[in-house]
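Undergrad: Sending over my_file.txt (compact mmCIF, C-alpha atoms).
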```
# COMPACT_ATOMS: atom_id res chain seq x y z
CA MET A 314 -24.04 35.54 62.35
CA SER A 315 -25.22 32.46 60.53
CA PRO A 316 -27.62 33.08 57.66
CA ARG A 317 -29.60 30.24 59.10
CA SER A 318 -29.70 28.13 62.22
CA LEU A 319 -31.54 25.01 63.31
CA PRO A 320 -33.07 24.30 66.72
CA TYR A 321 -30.87 21.26 67.27
CA PRO A 322 -27.15 20.42 66.95
CA VAL A 323 -25.87 20.13 63.38
CA PHE A 324 -23.16 17.55 62.68
CA ASP A 325 -21.90 17.45 59.10
CA ILE A 326 -20.59 13.95 58.39
CA ASP A 327 -18.84 15.02 55.17
CA ASN A 328 -16.44 17.98 55.25
CA HIS A 329 -13.05 18.18 53.57
CA MET A 330 -9.70 19.81 54.10
CA TYR A 331 -7.34 20.82 51.32
CA GLU A 332 -3.94 19.52 52.37
CA THR A 333 -0.78 21.59 52.33
CA THR A 334 1.95 20.40 49.97
CA ASP A 335 3.97 18.65 52.68
CA ALA A 336 1.08 16.41 53.76
CA LEU A 337 2.34 13.28 52.05
CA THR A 338 6.07 13.87 52.41
CA LYS A 339 6.84 15.56 55.74
CA PHE A 340 6.77 12.31 57.71
CA LEU A 341 7.56 9.86 54.93
CA PRO A 342 10.41 7.52 55.98
CA LYS A 343 13.69 8.13 54.21
CA GLU A 344 13.62 4.75 52.50
CA HIS A 345 10.52 5.91 50.60
CA LYS A 346 11.63 9.46 49.83
CA GLY A 347 11.05 10.37 46.21
CA LYS A 348 8.30 7.82 45.68
CA VAL A 349 5.61 10.46 46.07
CA GLY A 350 5.83 14.22 45.55
CA TYR A 351 5.21 17.13 43.23
CA VAL A 352 6.77 17.76 39.83
CA ASP A 353 6.52 20.62 37.36
CA LEU A 354 4.71 19.78 34.13
CA ASN A 355 4.27 22.54 31.58
CA GLY A 356 4.38 25.16 34.31
CA ARG A 357 1.93 23.40 36.61
CA LYS A 358 2.49 21.26 39.67
CA ARG A 359 1.36 17.65 39.40
CA LEU A 360 1.46 14.85 41.90
CA MET A 361 3.76 11.97 41.02
CA VAL A 362 3.46 8.55 42.62
CA LYS A 363 6.08 5.92 41.82
CA ASN A 364 7.42 7.90 38.85
CA LYS A 365 3.99 8.22 37.28
CA ILE A 366 2.22 11.55 37.07
CA SER A 367 -1.39 11.62 38.23
CA HIS A 368 -3.97 13.91 36.67
CA MET A 369 -6.83 12.79 38.91
CA ILE A 370 -6.83 16.02 40.93
CA PRO A 371 -6.24 18.94 38.53
CA ASN A 372 -4.48 21.16 41.07
CA PRO A 373 -3.06 18.96 43.85
CA THR A 374 -1.29 21.91 45.49
CA PHE A 375 -4.75 23.43 46.16
CA GLU A 376 -3.47 26.95 45.60
CA LYS A 377 -6.57 27.38 43.44
CA VAL A 378 -9.74 25.43 44.19
CA ALA A 379 -13.25 25.17 42.82
CA ARG A 380 -15.90 27.22 44.56
CA PRO A 381 -17.92 25.30 47.15
CA GLY A 382 -21.11 23.89 45.69
CA SER A 383 -20.43 25.31 42.23
CA ALA A 384 -21.59 22.07 40.57
CA GLU A 385 -24.65 21.62 42.79
CA ASP A 386 -27.14 22.29 39.97
CA TYR A 387 -25.23 19.94 37.69
CA PHE A 388 -25.94 17.00 40.00
CA LEU A 389 -29.48 18.17 40.69
CA GLY A 390 -30.09 17.86 36.94
CA ASN A 391 -30.70 21.59 36.48
CA ASN A 392 -28.72 21.73 33.25
CA PRO A 393 -31.01 22.68 30.35
CA GLU A 394 -28.07 24.06 28.35
CA GLY A 395 -26.10 20.83 28.66
CA LEU A 396 -23.06 22.47 30.23
CA THR A 397 -20.09 20.28 31.07
CA PHE A 398 -19.00 19.71 34.66
CA ARG A 399 -16.07 22.08 34.18
CA GLU A 400 -18.33 24.76 32.72
CA PHE A 401 -20.56 24.51 35.76
CA VAL A 402 -17.63 24.75 38.14
CA GLY A 403 -16.35 27.89 36.40
CA GLU A 404 -13.29 29.88 37.40
CA PRO A 405 -11.46 28.69 40.51
CA MET A 406 -10.89 30.75 43.62
CA ASP A 407 -7.76 31.22 45.70
CA VAL A 408 -7.69 28.77 48.56
CA ILE A 409 -8.60 30.38 51.87
CA PRO A 410 -7.19 29.58 55.33
CA ALA A 411 -10.49 28.01 56.43
CA PHE A 412 -9.98 25.25 53.88
CA GLN A 413 -6.53 24.38 55.22
CA TYR A 414 -6.39 25.22 58.93
CA PRO A 415 -8.67 24.34 61.85
CA ALA A 416 -9.01 27.68 63.67
CA PRO A 417 -10.34 29.64 60.66
CA ARG A 418 -12.45 26.63 59.73
CA ILE A 419 -14.27 26.94 63.05
CA GLU A 420 -15.12 30.54 62.16
CA LEU A 421 -16.45 29.44 58.76
CA MET A 422 -18.49 26.65 60.37
CA ASP A 423 -20.10 29.26 62.63
CA GLU A 424 -21.05 31.29 59.56
CA LEU A 425 -22.50 28.20 57.87
CA GLY A 426 -24.44 27.06 60.94
CA ILE A 427 -22.42 23.84 61.40
CA ASP A 428 -21.71 22.88 65.00
CA ARG A 429 -19.45 19.89 64.37
CA CYS A 430 -18.07 18.00 61.42
CA VAL A 431 -15.94 15.11 60.33
CA MET A 432 -13.03 16.41 58.25
CA TYR A 433 -11.62 14.19 55.51
CA PRO A 434 -8.38 14.58 53.58
CA THR A 435 -8.74 15.13 49.84
CA LEU A 436 -5.49 13.61 48.54
CA ALA A 437 -6.12 10.31 50.31
CA SER A 438 -8.50 9.23 47.57
CA LEU A 439 -5.61 9.13 45.12
CA ILE A 440 -2.82 7.22 46.90
CA GLU A 441 -4.02 3.67 47.43
CA GLU A 442 -4.96 2.89 43.84
CA ARG A 443 -1.58 4.13 42.59
CA THR A 444 0.43 1.93 44.93
CA THR A 445 -1.43 -1.38 44.65
CA ASP A 446 1.73 -3.11 43.43
CA ASP A 447 3.70 -1.96 46.50
CA VAL A 448 1.50 -2.21 49.56
CA VAL A 449 4.44 -1.59 51.89
CA LEU A 450 4.63 1.84 50.30
CA THR A 451 0.85 2.23 50.64
CA HIS A 452 1.11 1.71 54.38
CA ALA A 453 4.09 4.09 54.64
CA ILE A 454 2.42 6.96 52.77
CA THR A 455 -0.82 6.46 54.66
CA HIS A 456 0.94 6.65 58.01
CA ALA A 457 2.84 9.75 56.88
CA LEU A 458 -0.45 11.42 55.92
CA ASN A 459 -1.98 10.49 59.27
CA GLN A 460 1.02 11.92 61.13
CA TRP A 461 0.69 15.17 59.18
CA MET A 462 -3.06 15.29 59.80
CA TYR A 463 -2.63 14.77 63.52
CA GLU A 464 0.00 17.50 63.73
CA HIS A 465 -1.86 19.95 61.47
CA TRP A 466 -5.50 19.40 62.49
CA SER A 467 -5.45 16.94 65.41
CA PHE A 468 -8.11 14.22 65.41
CA ASP A 469 -10.32 16.19 67.79
CA TYR A 470 -10.09 19.97 67.46
CA GLU A 471 -11.99 21.73 70.25
CA GLY A 472 -14.63 19.01 70.22
CA ARG A 473 -15.92 20.36 66.91
CA ILE A 474 -13.68 19.20 64.05
CA PHE A 475 -12.82 15.52 63.87
CA ALA A 476 -10.12 15.00 61.27
CA THR A 477 -10.28 11.43 60.06
CA PRO A 478 -7.19 9.29 59.52
CA VAL A 479 -6.92 6.71 56.77
CA ILE A 480 -6.29 3.05 57.45
CA THR A 481 -5.21 0.86 54.57
CA LEU A 482 -5.76 -2.89 54.94
CA PRO A 483 -3.34 -4.88 52.72
CA ILE A 484 -1.08 -6.00 55.59
CA VAL A 485 -3.48 -6.78 58.44
CA GLU A 486 -0.87 -6.50 61.19
CA GLU A 487 0.12 -3.05 59.94
CA ALA A 488 -3.54 -2.00 59.77
CA ILE A 489 -4.02 -3.01 63.41
CA LYS A 490 -0.88 -1.12 64.40
CA GLU A 491 -2.09 2.00 62.56
CA PHE A 492 -5.54 1.68 64.10
CA HIS A 493 -4.12 1.76 67.62
CA TRP A 494 -1.73 4.62 66.78
CA CYS A 495 -4.72 6.71 65.67
CA LEU A 496 -6.96 5.54 68.50
CA GLU A 497 -4.39 6.61 71.10
CA ARG A 498 -4.49 10.09 69.57
CA GLY A 499 -8.23 10.53 69.84
CA MET A 500 -9.69 9.55 66.46
CA LYS A 501 -13.48 9.20 66.39
CA THR A 502 -13.73 7.29 63.11
CA PHE A 503 -11.38 6.34 60.27
CA LEU A 504 -11.45 5.93 56.52
CA VAL A 505 -11.26 2.62 54.69
CA ARG A 506 -11.34 2.63 50.90
CA PRO A 507 -14.38 0.80 49.49
CA ALA A 508 -12.49 -1.52 47.18
CA PRO A 509 -10.91 -4.96 46.97
CA VAL A 510 -7.84 -5.08 49.21
CA PRO A 511 -4.55 -5.46 47.31
CA SER A 512 -2.27 -8.30 48.34
CA ARG A 513 1.45 -8.08 49.00
CA PHE A 514 1.89 -10.89 46.49
CA GLY A 515 -0.35 -9.62 43.68
CA GLY A 516 -4.07 -9.79 43.18
CA SER A 517 -6.64 -8.69 45.74
CA ARG A 518 -9.26 -10.03 48.11
CA SER A 519 -12.37 -9.12 50.09
CA MET A 520 -12.09 -7.29 53.38
CA GLY A 521 -15.02 -9.44 54.51
CA LEU A 522 -12.92 -12.62 54.64
CA PRO A 523 -11.82 -14.11 57.98
CA GLU A 524 -8.25 -12.95 57.27
CA PHE A 525 -9.40 -9.47 58.34
CA ASP A 526 -11.30 -10.56 61.44
CA PRO A 527 -8.46 -9.59 63.82
CA PHE A 528 -8.69 -6.03 62.50
CA TRP A 529 -12.48 -5.81 62.71
CA GLN A 530 -12.33 -7.26 66.23
CA GLU A 531 -10.10 -4.37 67.31
CA VAL A 532 -12.53 -1.89 65.77
CA VAL A 533 -15.50 -3.43 67.57
CA ASN A 534 -13.55 -3.55 70.84
CA ALA A 535 -12.85 0.18 70.51
CA GLY A 536 -16.52 0.93 69.84
CA ILE A 537 -15.96 3.31 66.95
CA PRO A 538 -17.42 3.18 63.42
CA VAL A 539 -15.56 2.68 60.17
CA THR A 540 -16.24 5.21 57.41
CA MET A 541 -16.24 4.29 53.74
CA HIS A 542 -15.92 7.42 51.67
CA ALA A 543 -16.08 7.48 47.88
CA SER A 544 -12.58 7.15 46.48
CA ASP A 545 -10.64 5.98 43.47
CA SER A 546 -11.50 2.34 44.04
CA GLY A 547 -9.87 1.05 40.87
CA TYR A 548 -13.10 0.79 38.92
CA GLN A 549 -11.71 2.95 36.14
CA LYS A 550 -10.52 -0.31 34.60
CA HIS A 551 -14.13 -1.25 33.84
CA LEU A 552 -14.70 2.03 32.02
CA ALA A 553 -11.34 1.76 30.24
CA GLU A 554 -12.54 -1.45 28.60
CA TRP A 555 -15.16 0.67 26.83
CA GLU A 556 -13.66 4.14 26.51
CA GLY A 557 -9.91 3.71 26.98
CA GLY A 558 -7.84 5.78 29.36
CA ASP A 559 -5.76 4.57 32.27
CA GLU A 560 -6.66 6.85 35.18
CA TYR A 561 -9.76 7.98 37.00
CA LEU A 562 -10.18 11.72 36.36
CA SER A 563 -12.48 13.20 38.97
CA PHE A 564 -13.25 16.35 36.97
CA LYS A 565 -13.97 14.61 33.66
CA PRO A 566 -17.18 12.61 34.09
CA SER A 567 -18.82 10.97 31.10
CA ALA A 568 -22.30 9.59 30.57
CA LEU A 569 -20.98 6.04 30.27
CA ARG A 570 -18.86 6.44 33.41
CA GLU A 571 -22.01 7.36 35.29
CA VAL A 572 -23.58 4.08 34.20
CA VAL A 573 -20.63 1.65 34.07
CA MET A 574 -18.92 2.72 37.29
CA GLY A 575 -21.89 4.26 39.06
CA HIS A 576 -21.77 3.23 42.71
CA ARG A 577 -20.37 -0.22 42.08
CA ALA A 578 -17.46 0.18 44.48
CA ILE A 579 -19.57 0.79 47.57
CA GLU A 580 -22.18 -1.78 46.50
CA ASP A 581 -19.55 -4.46 45.95
CA THR A 582 -17.69 -3.65 49.17
CA LEU A 583 -20.79 -3.83 51.34
CA ALA A 584 -21.98 -6.95 49.53
CA ALA A 585 -18.61 -8.57 50.21
CA LEU A 586 -18.75 -7.66 53.91
CA ILE A 587 -22.21 -9.21 54.12
CA CYS A 588 -21.84 -12.23 51.81
CA HIS A 589 -18.45 -13.18 53.27
CA GLY A 590 -19.94 -13.00 56.74
CA ALA A 591 -17.93 -10.20 58.37
CA LEU A 592 -20.98 -8.21 59.46
CA THR A 593 -22.55 -11.36 60.89
CA ARG A 594 -19.39 -12.30 62.79
CA PHE A 595 -19.26 -8.68 64.00
CA PRO A 596 -22.86 -7.54 64.40
CA ASP A 597 -21.74 -4.50 66.39
CA LEU A 598 -19.47 -3.19 63.59
CA LYS A 599 -20.96 0.08 62.38
CA VAL A 600 -20.22 1.12 58.78
CA ILE A 601 -20.82 4.72 57.70
CA CYS A 602 -21.14 5.25 53.92
CA VAL A 603 -20.16 8.80 53.01
CA GLU A 604 -20.29 10.57 49.65
CA ASN A 605 -21.59 7.46 47.97
CA GLY A 606 -25.17 8.69 47.81
CA SER A 607 -28.13 6.40 48.34
CA SER A 608 -29.69 5.75 44.93
CA TRP A 609 -28.09 2.29 44.88
CA VAL A 610 -29.49 1.08 48.21
CA ARG A 611 -32.81 -0.27 46.99
CA ASN A 612 -31.21 -2.22 44.14
CA LEU A 613 -28.51 -3.75 46.36
CA LEU A 614 -31.10 -4.85 48.91
CA SER A 615 -33.08 -6.44 46.09
CA GLN A 616 -29.99 -8.34 44.94
CA LEU A 617 -29.24 -9.51 48.48
CA GLU A 618 -32.86 -10.63 48.85
CA THR A 619 -32.55 -12.65 45.64
CA ALA A 620 -29.25 -14.22 46.70
CA TYR A 621 -30.78 -15.23 50.02
CA ARG A 622 -33.86 -16.70 48.38
CA ILE A 623 -31.76 -18.79 45.99
CA MET A 624 -28.96 -19.75 48.40
CA PRO A 625 -30.24 -19.36 51.97
CA LYS A 626 -27.59 -21.68 53.40
CA GLU A 627 -24.87 -19.29 52.20
CA PHE A 628 -25.94 -16.92 54.99
CA ASP A 629 -26.16 -17.32 58.76
CA GLU A 630 -28.76 -14.54 58.89
CA HIS A 631 -30.84 -12.60 56.40
CA PRO A 632 -28.48 -10.27 54.47
CA VAL A 633 -31.04 -7.47 54.17
CA GLU A 634 -31.46 -7.43 57.95
CA VAL A 635 -27.67 -7.30 58.29
CA PHE A 636 -27.48 -4.31 55.96
CA LYS A 637 -30.16 -2.41 57.85
CA ARG A 638 -28.48 -3.18 61.18
CA ASN A 639 -24.85 -2.38 60.39
CA ILE A 640 -24.95 0.28 57.65
CA TYR A 641 -25.51 4.03 57.95
CA ILE A 642 -26.09 6.09 54.81
CA HIS A 643 -25.28 9.68 53.85
CA PRO A 644 -27.56 10.53 50.89
CA PHE A 645 -26.79 13.14 48.27
CA LEU A 646 -28.83 16.33 48.02
CA GLU A 647 -30.37 15.04 44.79
CA ASP A 648 -31.39 11.67 46.25
CA ASP A 649 -34.83 10.54 47.38
CA VAL A 650 -34.18 11.13 51.06
CA PRO A 651 -37.70 10.32 52.31
CA GLY A 652 -37.51 7.07 50.33
CA LEU A 653 -34.21 6.22 52.02
CA ILE A 654 -35.71 6.94 55.43
CA GLU A 655 -38.54 4.56 54.57
CA ILE A 656 -36.03 1.81 53.77
CA MET A 657 -33.44 2.32 56.48
CA GLY A 658 -35.28 4.20 59.22
CA ALA A 659 -34.32 7.71 60.30
CA ASP A 660 -31.73 6.35 62.76
CA HIS A 661 -29.53 5.17 59.87
CA VAL A 662 -29.56 8.34 57.72
CA LEU A 663 -26.89 11.04 58.05
CA PHE A 664 -26.50 14.62 56.83
CA GLY A 665 -23.34 15.53 54.94
CA SER A 666 -22.51 18.45 52.65
CA ASP A 667 -19.14 17.54 51.06
CA TYR A 668 -18.14 21.14 51.79
CA PRO A 669 -16.11 22.82 50.27
CA HIS A 670 -15.94 20.56 47.21
CA PRO A 671 -17.68 21.78 44.03
CA GLU A 672 -19.95 18.73 43.86
CA GLY A 673 -21.11 19.40 47.41
CA ILE A 674 -23.66 21.79 48.92
CA GLY A 675 -22.75 25.47 48.89
CA ASP A 676 -25.19 26.21 51.74
CA PRO A 677 -24.93 23.03 53.84
CA LEU A 678 -28.01 23.67 55.96
CA SER A 679 -30.18 23.71 52.83
CA PHE A 680 -30.12 19.90 53.10
CA VAL A 681 -32.87 20.18 55.70
CA ASP A 682 -35.18 21.41 52.93
CA ARG A 683 -35.03 17.88 51.52
CA LEU A 684 -36.62 16.61 54.71
CA GLU A 685 -40.05 18.07 54.08
CA GLY A 686 -42.67 15.92 55.82
CA VAL A 687 -40.11 14.39 58.18
CA SER A 688 -40.83 14.88 61.88
CA GLU A 689 -38.75 17.39 63.81
CA GLU A 690 -37.48 14.55 65.99
CA ASP A 691 -36.20 12.67 62.95
CA LYS A 692 -34.76 15.84 61.40
CA ALA A 693 -32.74 16.33 64.58
CA LYS A 694 -31.41 12.78 64.27
CA ILE A 695 -30.46 13.10 60.60
CA MET A 696 -28.95 16.59 60.82
CA GLY A 697 -26.71 15.71 63.74
CA GLY A 698 -27.98 13.39 66.43
CA ASN A 699 -27.20 10.15 64.61
CA ALA A 700 -23.63 11.17 63.80
CA MET A 701 -22.93 12.30 67.34
CA GLY A 702 -24.24 9.01 68.66
CA LEU A 703 -22.10 7.00 66.27
CA LEU A 704 -18.95 8.94 67.14
CA GLY A 705 -19.69 9.10 70.84
CA ILE A 706 -19.91 12.91 70.91
CA GLN A 707 -21.59 14.40 73.97
CA VAL A 708 -23.31 17.78 73.70
CA PRO A 709 -22.07 20.12 76.45
CA ALA A 710 -24.74 20.90 79.02
```
Render the structure in this file as structure tokens.
TA:
Amino acid sequence: MSPRSLPYPVFDIDNHMYETTDALTKFLPKEHKGKVGYVDLNGRKRLMVKNKISHMIPNPTFEKVARPGSAEDYFLGNNPEGLTFREFVGEPMDVIPAFQYPAPRIELMDELGIDRCVMYPTLASLIEERTTDDVVLTHAITHALNQWMYEHWSFDYEGRIFATPVITLPIVEEAIKEFHWCLERGMKTFLVRPAPVPSRFGGSRSMGLPEFDPFWQEVVNAGIPVTMHASDSGYQKHLAEWEGGDEYLSFKPSALREVVMGHRAIEDTLAALICHGALTRFPDLKVICVENGSSWVRNLLSQLETAYRIMPKEFDEHPVEVFKRNIYIHPFLEDDVPGLIEIMGADHVLFGSDYPHPEGIGDPLSFVDRLEGVSEEDKAKIMGGNAMGLLGIQVPA
């Protein structure tokens, strides 16, 4: 019995799986064997990519995981004692089957009052940034992960859990091929990293350039949205110029990181899609922003307004109108949700809990408490209706 229920369908746009240890390697082609995997380091398993150990995820085997929502008060600013992120998270728990397998996850969703959810991989956020100098390998590992995900979770489990494959963009033809492979297997949306796209020949470029139009055309033709979930977008290099270090460490935030990196990756990515014209060339392309919060929206719209005022001929239509047409936002629990609704309209706001991550919401349905003063009709949209519409999910009669 759920401790709470709502009088309308609940669709959580931000749930996560903890992958099993064969997720990246089971389907990896033999020519790439050994380029990604686990190694022992001082008695602990670490993930190694291209002979370099990553510390981004402290326990990449997920045998032990942080308790869901354990850092909720940290991000809400309820920290009078000045505890560190790790102190808030506390002692880990043993991973449970519901975090790694779909059938027990359905049972947990019933307990939490969640009818449907999008289910994202956790390790995916690590791979692309660590293979930027070998994009052929990036595509290979990504496809291997998608194969594992399809076998382990499927892309549509009982019409309730929609595991979300990753599509990496460096080689456009490969991205299109991967898109169709996933589409044929029932995906409802897919992940694209909000970041500059690495090139096969060094450097990077904007995914908003015409080079990527054949890919976006396929997405629009299929009528499904693209999801941009917070990831390691390579912005650690900006912080490293001030504080040193060479890797983004998800569990070691700093005050300066919060300011220097902030939400620059999603801001820059969306700005590139708009300023380089992709969202004008494809007005029907729907972009879902997940686990990026919403505190940056007002500032980005102000910057786009200024750019348009100064250089109107750089745009074929008003960039702010483009943003409000094409973009859908998942705000954090700590964000000004009514303010976001005022900017975007209730139709473009989505509920997500980030469950079971520590920075997420321990009781996902408590998000509705942030919607005080919002009409019941709009609550129903935000808590589930909008997501189901975007993903083409029909509620059984």
Undergrad: Mind checking which residues fall within 6 Å of stretch 472-480 of chain A, counting all atoms listed in the file, ignoring those fewer than 2 positions away in the same chain, and posting them as an MDAnalysis selection string?
TA: chainID A and resid 429:433 459 468:470 503:505
Undergrad: For A:Arg611, which residue among A:Gly652, A:Gly390, A:Pro483, A:Gly521 is the nearest when counting only C-alpha atoms?
TA: A:Gly652
Undergrad: Report the distance between atom CA of A:Leu337 and atom CA of A:Phe324 in Å, rounded to one decimal place.
TA: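 Taking atom CA of A:Leu337 and atom CA of A:Phe324, their separation equals 28.0 Å.
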Undergrad: Could you tell me how far atom CA of A:Ser438 sits from atom CA of A:Glu344, in Å to one decimal place?
TA: 23.1 Å
Undergrad: May I have the residues within 10 Å of A:Ser512 as an mmCIF file with C-alpha atoms, in the coordinates of the input, using all atoms listed in the file and disregarding those fewer than 4 positions away in the same chain?
TA:
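As written to disk, selection.cif reads:
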```cif
data_model
loop_
_atom_site.group_PDB
_atom_site.id
_atom_site.type_symbol
_atom_site.label_atom_id
_atom_site.label_comp_id
_atom_site.auth_asym_id
_atom_site.auth_seq_id
_atom_site.Cartn_x
_atom_site.Cartn_y
_atom_site.Cartn_z
ATOM 1 C CA THR A 445 -1.430 -1.380 44.650
ATOM 2 C CA ASP A 446 1.730 -3.110 43.430
ATOM 3 C CA ASP A 447 3.700 -1.960 46.500
ATOM 4 C CA VAL A 448 1.500 -2.210 49.560
ATOM 5 C CA LEU A 482 -5.760 -2.890 54.940
ATOM 6 C CA PRO A 483 -3.340 -4.880 52.720
ATOM 7 C CA ILE A 484 -1.080 -6.000 55.590
ATOM 8 C CA GLY A 516 -4.070 -9.790 43.180
ATOM 9 C CA SER A 517 -6.640 -8.690 45.740
ATOM 10 C CA ARG A 518 -9.260 -10.030 48.110
#
```
Undergrad: At a cut-off of 8 Å, using all atoms listed in the file, what residues contact A:Leu436? Leave out same-chain residues fewer than 3 positions from it and give the result as a ChimeraX atom specification.
TA: /A:331-332,373,439-440
Undergrad: Between atom CA of A:Ile654 and atom CA of A:Met422, what is the distance in Å, rounded to a tenth?
TA: 26.6 Å
Undergrad: Point out the residue among A:Leu592, A:Pro417, A:Asp325, A:Arg380 with the least atom-to-atom distance to A:Val662, counting all atoms listed in the file.
TA: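 Nearest to A:Val662: A:Asp325.
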Undergrad: I need the residue nearest A:Ile366 from this list: A:Gly547, A:Met406, A:Val352, A:Ile601. Use all atoms listed in the file for the distance.
TA: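 Between A:Gly547, A:Met406, A:Val352, A:Ile601, the residue approaching A:Ile366 most closely is A:Val352.
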Undergrad: For A:Leu678, which of A:His576, A:Lys626, A:Lys363, A:Lys692 is the closest residue, counting all atoms listed in the file?
TA: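 Distance minimum relative to A:Leu678 lands on A:Lys692.
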